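Have a look at the structure below before the remarks.
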Amino acid sequence: MLGIFKKRSALDRLQKQYENYMKDWHALSTTNRAESDRKYAEAQRILDQIEELQK
């Protein structure tokens with residue numbers, strides 16, 4: 001119950017964004033290749049940010 005008031009860290013937010021972009025990338029991979037590639041590139045940028053935070 002108290003977990004709903006807990007603030008999420010920047011790392012948690014980035015990981016959630018990464019998961020969402022990868023989910024979108026996978027869904028678009030069969031219908032719209034150009035948009036799929038854009039989602040994948042954005043996911044990779046977020047992954048780079050995650051790796052920087054983990055150092």
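Ordering of the structure tokens sets the chain letters (A, B, ...); residue numbers start at 1 within each chain; ligands are numbered from 1 in the order shown.
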
Close residues, segment 44-51 of chain A itself excluded, 7 Å, only C-alpha atoms, min 5 positions apart in chain, as a list of chain:residue names: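 That gives A:Leu11, A:Leu14, A:Tyr18.
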
Contacts of Ser36 of chain A at 9 Å or less, counting only C-alpha atoms, minus same-chain residues fewer than 6 places along, as a CSV table (one decimal) with C-alpha atoms, in the first residue's frame?
chain,number,residue,atom,x,y,z
A,24,ASP,CA,6.5,-1.0,-29.8
A,25,TRP,CA,9.5,-1.9,-32.0
A,26,HIS,CA,8.5,-5.6,-31.9
A,27,ALA,CA,4.8,-4.8,-32.8
A,28,LEU,CA,5.8,-2.5,-35.7
A,29,SER,CA,8.5,-4.8,-37.1
A,30,THR,CA,5.9,-6.7,-39.2

Point-to-point distance in Å for atom CA of Ala43 of chain A and atom CA of Lys55 of chain A: 18.8 Å

Run DSSP on the backbone of this structure and report the residues of chain A it assigns to helix (DSSP H, G or I), as number ranges by chain. A: 2-5, 10-28, 33-54
